[in-house]
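As stored in start-v9.cif (mmCIF, C-alpha atoms):
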```
data_start
loop_
_atom_site.group_PDB
_atom_site.id
_atom_site.type_symbol
_atom_site.label_atom_id
_atom_site.label_comp_id
_atom_site.auth_asym_id
_atom_site.auth_seq_id
_atom_site.Cartn_x
_atom_site.Cartn_y
_atom_site.Cartn_z
ATOM 1 C CA MET A 1 99.143 193.274 153.341
ATOM 2 C CA THR A 2 101.305 196.141 154.618
ATOM 3 C CA ILE A 3 104.459 194.700 153.098
ATOM 4 C CA LYS A 4 102.879 194.744 149.633
ATOM 5 C CA ILE A 5 101.792 198.347 150.114
ATOM 6 C CA TYR A 6 105.247 199.370 151.309
ATOM 7 C CA ALA A 7 107.007 197.566 148.460
ATOM 8 C CA LEU A 8 104.753 199.020 145.761
ATOM 9 C CA SER A 9 105.027 202.471 147.288
ATOM 10 C CA VAL A 10 108.815 202.389 147.267
ATOM 11 C CA LEU A 11 108.920 201.001 143.738
ATOM 12 C CA ARG A 12 106.845 203.944 142.497
ATOM 13 C CA ASN A 13 110.055 205.942 142.863
ATOM 14 C CA GLY A 14 112.004 203.601 140.610
ATOM 15 C CA PRO A 15 113.289 200.038 140.355
ATOM 16 C CA ALA A 16 115.184 198.530 143.261
ATOM 17 C CA HIS A 17 116.875 195.282 144.128
ATOM 18 C CA GLY A 18 115.656 193.360 147.142
ATOM 19 C CA TYR A 19 118.172 194.625 149.690
ATOM 20 C CA GLU A 20 117.744 198.214 148.527
ATOM 21 C CA LEU A 21 113.971 197.857 148.683
ATOM 22 C CA LYS A 22 114.184 196.395 152.158
ATOM 23 C CA SER A 23 116.359 199.285 153.362
ATOM 24 C CA ARG A 24 114.067 201.926 151.781
ATOM 25 C CA ILE A 25 110.921 200.661 153.474
ATOM 26 C CA ARG A 26 110.297 202.757 156.557
ATOM 27 C CA ARG A 27 107.761 201.157 158.833
ATOM 28 C CA PRO A 28 106.196 203.043 161.718
ATOM 29 C CA SER A 29 106.186 199.831 163.741
ATOM 30 C CA ILE A 30 108.969 198.385 165.814
ATOM 31 C CA ALA A 31 109.375 195.323 163.611
ATOM 32 C CA PRO A 32 111.782 195.792 160.717
ATOM 33 C CA VAL A 33 111.054 194.314 157.319
ATOM 34 C CA ASN A 34 112.637 190.903 157.040
ATOM 35 C CA ASN A 35 113.451 188.676 154.098
ATOM 36 C CA ASN A 36 110.860 186.111 155.189
ATOM 37 C CA SER A 37 108.083 188.622 154.563
ATOM 38 C CA LEU A 38 109.562 190.729 151.755
ATOM 39 C CA TYR A 39 110.549 188.076 149.218
ATOM 40 C CA PRO A 40 107.311 186.053 149.374
ATOM 41 C CA ALA A 41 105.395 189.332 148.948
ATOM 42 C CA LEU A 42 107.531 190.267 145.939
ATOM 43 C CA LYS A 43 106.990 186.815 144.442
ATOM 44 C CA GLN A 44 103.224 187.196 144.875
ATOM 45 C CA LEU A 45 103.292 190.713 143.410
ATOM 46 C CA GLU A 46 105.228 189.355 140.442
ATOM 47 C CA ARG A 47 102.673 186.548 139.932
ATOM 48 C CA ASP A 48 99.892 189.165 140.099
ATOM 49 C CA GLY A 49 101.601 191.283 137.446
ATOM 50 C CA ALA A 50 102.164 194.160 139.868
ATOM 51 C CA VAL A 51 105.961 194.065 139.573
ATOM 52 C CA THR A 52 108.478 192.780 137.094
ATOM 53 C CA LYS A 53 111.756 191.158 138.002
ATOM 54 C CA SER A 54 114.926 191.401 135.973
ATOM 55 C CA VAL A 55 118.335 189.962 136.724
ATOM 56 C CA GLU A 56 121.193 192.434 137.003
ATOM 57 C CA GLN A 57 124.656 191.011 136.538
ATOM 58 C CA GLN A 58 127.430 192.382 138.752
ATOM 59 C CA GLU A 59 131.120 192.008 138.155
ATOM 60 C CA GLY A 60 132.712 189.806 140.773
ATOM 61 C CA ARG A 61 129.473 189.406 142.697
ATOM 62 C CA PRO A 62 126.341 187.288 142.377
ATOM 63 C CA ALA A 63 123.594 188.558 140.093
ATOM 64 C CA ARG A 64 120.729 190.288 141.825
ATOM 65 C CA ASN A 65 117.037 190.630 141.119
ATOM 66 C CA VAL A 66 115.752 194.112 140.384
ATOM 67 C CA TYR A 67 112.056 194.811 140.821
ATOM 68 C CA ALA A 68 109.991 197.474 139.065
ATOM 69 C CA ILE A 69 106.337 198.427 139.474
ATOM 70 C CA THR A 70 103.947 197.988 136.552
ATOM 71 C CA GLU A 71 100.768 199.884 135.708
ATOM 72 C CA THR A 72 98.892 196.965 137.240
ATOM 73 C CA GLY A 73 100.975 197.476 140.382
ATOM 74 C CA ARG A 74 100.124 201.176 140.490
ATOM 75 C CA GLY A 75 96.452 200.302 140.268
ATOM 76 C CA MET A 76 96.859 197.603 142.902
ATOM 77 C CA LEU A 77 98.578 200.046 145.248
ATOM 78 C CA HIS A 78 95.713 202.499 144.856
ATOM 79 C CA ASP A 79 93.165 199.745 145.492
ATOM 80 C CA LEU A 80 95.025 198.472 148.569
ATOM 81 C CA VAL A 81 95.234 201.878 150.248
ATOM 82 C CA SER A 82 91.712 202.948 149.235
ATOM 83 C CA THR A 83 90.012 200.393 151.440
ATOM 84 C CA LEU A 84 90.524 198.917 154.869
ATOM 85 C CA PRO A 85 89.118 195.407 155.157
ATOM 86 C CA ARG A 86 87.311 194.924 158.447
ATOM 87 C CA GLU A 87 89.567 192.001 159.355
ATOM 88 C CA LEU A 88 92.603 194.333 159.173
ATOM 89 C CA ALA A 89 91.012 197.394 160.777
ATOM 90 C CA SER A 90 92.186 196.582 164.294
ATOM 91 C CA ASP A 91 95.815 196.485 163.149
ATOM 92 C CA ASP A 92 97.315 199.914 163.871
ATOM 93 C CA GLU A 93 99.941 199.643 161.157
ATOM 94 C CA GLU A 94 97.400 198.644 158.498
ATOM 95 C CA PHE A 95 95.228 201.613 159.426
ATOM 96 C CA LEU A 96 97.987 204.207 159.791
ATOM 97 C CA LEU A 97 99.589 203.137 156.529
ATOM 98 C CA ARG A 98 96.362 203.921 154.714
ATOM 99 C CA VAL A 99 96.054 207.283 156.470
ATOM 100 C CA SER A 100 99.536 208.113 155.193
ATOM 101 C CA PHE A 101 98.132 207.865 151.638
ATOM 102 C CA PHE A 102 95.114 210.124 152.257
ATOM 103 C CA ASP A 103 96.614 212.920 150.169
ATOM 104 C CA GLU A 104 96.311 210.580 147.162
ATOM 105 C CA LEU A 105 92.795 209.324 147.869
ATOM 106 C CA PRO A 106 89.387 210.826 147.112
ATOM 107 C CA VAL A 107 87.236 211.886 150.050
ATOM 108 C CA PRO A 108 84.867 208.858 149.896
ATOM 109 C CA SER A 109 87.816 206.456 150.183
ATOM 110 C CA ARG A 110 89.217 208.385 153.135
ATOM 111 C CA LEU A 111 85.848 208.366 154.867
ATOM 112 C CA GLY A 112 85.460 204.637 154.203
ATOM 113 C CA VAL A 113 88.807 203.835 155.836
ATOM 114 C CA LEU A 114 87.994 206.063 158.806
ATOM 115 C CA GLY A 115 84.520 204.566 159.150
ATOM 116 C CA VAL A 116 85.762 200.988 159.324
ATOM 117 C CA ARG A 117 88.401 201.903 161.897
ATOM 118 C CA ARG A 118 85.806 203.824 163.938
ATOM 119 C CA GLN A 119 83.558 200.752 164.099
ATOM 120 C CA ILE A 120 86.431 198.632 165.396
ATOM 121 C CA VAL A 121 87.463 201.203 168.009
ATOM 122 C CA GLU A 122 83.875 201.737 169.196
ATOM 123 C CA HIS A 123 83.424 197.978 169.558
ATOM 124 C CA ALA A 124 86.656 197.629 171.550
ATOM 125 C CA LEU A 125 85.708 200.568 173.768
ATOM 126 C CA SER A 126 82.314 199.033 174.454
ATOM 127 C CA GLN A 127 83.944 195.732 175.410
ATOM 128 C CA VAL A 128 86.435 197.315 177.805
ATOM 129 C CA ARG A 129 83.785 199.529 179.413
ATOM 130 C CA GLY A 130 81.654 196.420 179.863
ATOM 131 C CA LEU A 131 84.513 194.653 181.623
ATOM 132 C CA LEU A 132 85.019 197.631 183.913
ATOM 133 C CA ALA A 133 81.316 197.815 184.751
ATOM 134 C CA GLU A 134 81.045 194.084 185.452
ATOM 135 C CA ALA A 135 84.035 193.874 187.761
ATOM 136 C CA PRO A 136 83.603 195.382 191.183
ATOM 137 C CA ARG A 137 86.607 197.165 192.543
ATOM 138 C CA ASP A 138 88.553 194.116 193.539
ATOM 139 C CA PRO A 139 91.556 195.050 195.678
ATOM 140 C CA ALA A 140 93.337 191.953 194.388
ATOM 141 C CA LEU A 141 93.197 193.242 190.784
ATOM 142 C CA PRO A 142 94.235 196.909 190.874
ATOM 143 C CA TRP A 143 96.672 196.571 187.983
ATOM 144 C CA ARG A 144 94.089 194.962 185.722
ATOM 145 C CA ARG A 145 91.700 197.837 186.373
ATOM 146 C CA ARG A 146 94.436 200.392 185.690
ATOM 147 C CA ALA A 147 95.257 198.667 182.408
ATOM 148 C CA GLN A 148 91.595 198.646 181.382
ATOM 149 C CA GLU A 149 91.155 202.310 182.342
ATOM 150 C CA GLN A 150 94.236 203.184 180.275
ATOM 151 C CA LEU A 151 92.753 201.329 177.326
ATOM 152 C CA VAL A 152 89.488 203.279 177.699
ATOM 153 C CA ASP A 153 91.481 206.517 177.663
ATOM 154 C CA ARG A 154 93.423 205.459 174.551
ATOM 155 C CA LEU A 155 90.352 204.327 172.657
ATOM 156 C CA THR A 156 88.445 207.486 173.597
ATOM 157 C CA GLN A 157 91.383 209.593 172.407
ATOM 158 C CA GLU A 158 91.498 207.677 169.141
ATOM 159 C CA LEU A 159 87.784 208.311 168.561
ATOM 160 C CA ARG A 160 88.400 212.055 168.979
ATOM 161 C CA TRP A 161 91.320 211.829 166.543
ATOM 162 C CA LEU A 162 89.187 209.897 164.048
ATOM 163 C CA ASP A 163 86.557 212.651 164.293
ATOM 164 C CA ASP A 164 89.247 215.254 163.602
ATOM 165 C CA LEU A 165 90.494 213.276 160.581
ATOM 166 C CA ARG A 166 86.949 212.887 159.288
ATOM 167 C CA ASN A 167 86.293 216.609 159.586
ATOM 168 C CA GLU A 168 89.546 217.387 157.826
ATOM 169 C CA ALA A 169 88.850 214.842 155.087
ATOM 170 C CA GLU A 170 85.390 216.306 154.490
ATOM 171 C CA ARG A 171 86.853 219.822 154.153
ATOM 172 C CA SER A 172 89.419 218.646 151.573
#
```

Written form, structure tokens:
Amino acid sequence: MTIKIYALSVLRNGPAHGYELKSRIRRPSIAPVNNNSLYPALKQLERDGAVTKSVEQQEGRPARNVYAITETGRGMLHDLVSTLPRELASDDEEFLLRVSFFDELPVPSRLGVLGVRRQIVEHALSQVRGLLAEAPRDPALPWRRRAQEQLVDRLTQELRWLDDLRNEAERS
């Protein structure tokens, strides 16, 4: 879903051809946008009426497709960033992408996104703490324990951050 959000977000600033769109998408993840994800997403967005495609002729070069967002696409973008489906809530990029749109969302939408993520993080933290409690200090598995303890630290830190975001969202 992130690729659709990125594409619609970039197209809000004006039409773009595929390569230009691809180069203007700035993902916070390591993986760059690739043609195998971008063009199928654009095709689906076009079928959904979220974008239009026009062919731009170029002298001495092949024609290229130029995409533009529609009013339906603007509404779709808002809908996509306003909610975080539970099945996507464990994906850091899906979550952080929505947080990056918080300045455009009403407080209830912000709190909904944060609430779903909090549930996922709390569940993961409970699982890892359970693993740590079940496993006695086994000298043969010191690295596993260190990894699990690091995960507990990360998840605990994220819960504090989520609380900070919630407080800030409620004050907005």

Tell me which residues the PyMOL selection byres ((chain A and resi 61-66) around 9) grabs here, as a VMD selection string. chain A and resid 15 to 18 52 to 60 67 to 68

Could those residues be written to a file, using C-alpha atoms, as a PDB file, in the frame of the given file?
```pdb
ATOM      1  CA  PRO A  15     113.289 200.038 140.355  1.00  0.00           C
ATOM      2  CA  ALA A  16     115.184 198.530 143.261  1.00  0.00           C
ATOM      3  CA  HIS A  17     116.875 195.282 144.128  1.00  0.00           C
ATOM      4  CA  GLY A  18     115.656 193.360 147.142  1.00  0.00           C
ATOM      5  CA  THR A  52     108.478 192.780 137.094  1.00  0.00           C
ATOM      6  CA  LYS A  53     111.756 191.158 138.002  1.00  0.00           C
ATOM      7  CA  SER A  54     114.926 191.401 135.973  1.00  0.00           C
ATOM      8  CA  VAL A  55     118.335 189.962 136.724  1.00  0.00           C
ATOM      9  CA  GLU A  56     121.193 192.434 137.003  1.00  0.00           C
ATOM     10  CA  GLN A  57     124.656 191.011 136.538  1.00  0.00           C
ATOM     11  CA  GLN A  58     127.430 192.382 138.752  1.00  0.00           C
ATOM     12  CA  GLU A  59     131.120 192.008 138.155  1.00  0.00           C
ATOM     13  CA  GLY A  60     132.712 189.806 140.773  1.00  0.00           C
ATOM     14  CA  TYR A  67     112.056 194.811 140.821  1.00  0.00           C
ATOM     15  CA  ALA A  68     109.991 197.474 139.065  1.00  0.00           C
TER      16      ALA A  68
END
```

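Rounded to one decimal, CA of Met1 in chain A and CA of Arg86 in chain A lie 13.0 Å from each other.
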
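Atom to atom, CA of Ile25 in chain A and CA of Ala50 in chain A stand 17.4 Å apart.
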
Please return, as a count of residues only, all polymer residues that have at least one atom within 10 Å of the point (86.7, 199.8, 163.5); use all atoms listed in the file and the file's own coordinate frame. 22

Can you tell me which residues surround Ile5 in chain A at a distance of at most 12 Å, considering all atoms listed in the file, apart from same-chain residues fewer than 3 positions away, and format the answer as number ranges by chain? A: 1-2, 8-12, 25-27, 38, 41-42, 45, 50, 69, 73-82, 93-98, 100-101

Of the candidates A:Ala133, A:Pro108, A:Lys43, A:Gln127, which one gets nearest to Ile3 in chain A if we count only C-alpha atoms?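 Under the stated criterion, the closest residue is A:Lys43.
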
For a quick check of understanding, using only C-alpha atoms, which of A:Asn36, A:Asp92, A:Gly49, A:Arg145 has the smallest distance to Glu71 in chain A?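 Of all the options, A:Gly49 lies closest to Glu71 in chain A.
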
Place a sphere of radius 12 Å on (84.0, 208.8, 174.4) in the file coordinates and name every protein, DNA or RNA residue with an atom inside or on its surface, counting all atoms listed in the file; give the answer as a list in words.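 Nearby residues: Arg118, Val121, Glu122, His123, Ala124, Leu125, Ser126, Arg129, Leu151, Val152, Asp153, Arg154, Leu155, Thr156, Gln157, Glu158, Leu159, Arg160, Trp161, Leu162 and Asp163 of chain A.
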
May I have the residues from that selection written out with C-alpha atoms, as a PDB file, in the frame of the given file?
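After the write, selection.pdb holds the following:
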```pdb
ATOM      1  CA  ARG A 118      85.806 203.824 163.938  1.00  0.00           C
ATOM      2  CA  VAL A 121      87.463 201.203 168.009  1.00  0.00           C
ATOM      3  CA  GLU A 122      83.875 201.737 169.196  1.00  0.00           C
ATOM      4  CA  HIS A 123      83.424 197.978 169.558  1.00  0.00           C
ATOM      5  CA  ALA A 124      86.656 197.629 171.550  1.00  0.00           C
ATOM      6  CA  LEU A 125      85.708 200.568 173.768  1.00  0.00           C
ATOM      7  CA  SER A 126      82.314 199.033 174.454  1.00  0.00           C
ATOM      8  CA  ARG A 129      83.785 199.529 179.413  1.00  0.00           C
ATOM      9  CA  LEU A 151      92.753 201.329 177.326  1.00  0.00           C
ATOM     10  CA  VAL A 152      89.488 203.279 177.699  1.00  0.00           C
ATOM     11  CA  ASP A 153      91.481 206.517 177.663  1.00  0.00           C
ATOM     12  CA  ARG A 154      93.423 205.459 174.551  1.00  0.00           C
ATOM     13  CA  LEU A 155      90.352 204.327 172.657  1.00  0.00           C
ATOM     14  CA  THR A 156      88.445 207.486 173.597  1.00  0.00           C
ATOM     15  CA  GLN A 157      91.383 209.593 172.407  1.00  0.00           C
ATOM     16  CA  GLU A 158      91.498 207.677 169.141  1.00  0.00           C
ATOM     17  CA  LEU A 159      87.784 208.311 168.561  1.00  0.00           C
ATOM     18  CA  ARG A 160      88.400 212.055 168.979  1.00  0.00           C
ATOM     19  CA  TRP A 161      91.320 211.829 166.543  1.00  0.00           C
ATOM     20  CA  LEU A 162      89.187 209.897 164.048  1.00  0.00           C
ATOM     21  CA  ASP A 163      86.557 212.651 164.293  1.00  0.00           C
TER      22      ASP A 163
END
```

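Checking A:Asn13, A:Ser172, A:Ser37, A:Ser23 one by one against Glu104 in chain A, counting all atoms listed in the file, you find the shortest gap at A:Ser172.
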
Using only C-alpha atoms, which residue out of A:Gln148, A:Val99, A:Arg171, A:Gly112 lies closest to Thr83 in chain A?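 So, comparing all the options, the nearest one is A:Gly112.
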
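CA of Thr72 in chain A is found 21.6 Å from CA of Arg24 in chain A.
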
Box along x, y and z, 8 Å on every side, all listed atoms of range 32-47 of chain A inside: centre and edge lengths in Å to one decimal, as AutoDock Vina command-line options.
```
--center_x 108.1 --center_y 190.9 --center_z 150.3 --size_x 26.8 --size_y 25.7 --size_z 36.8
```
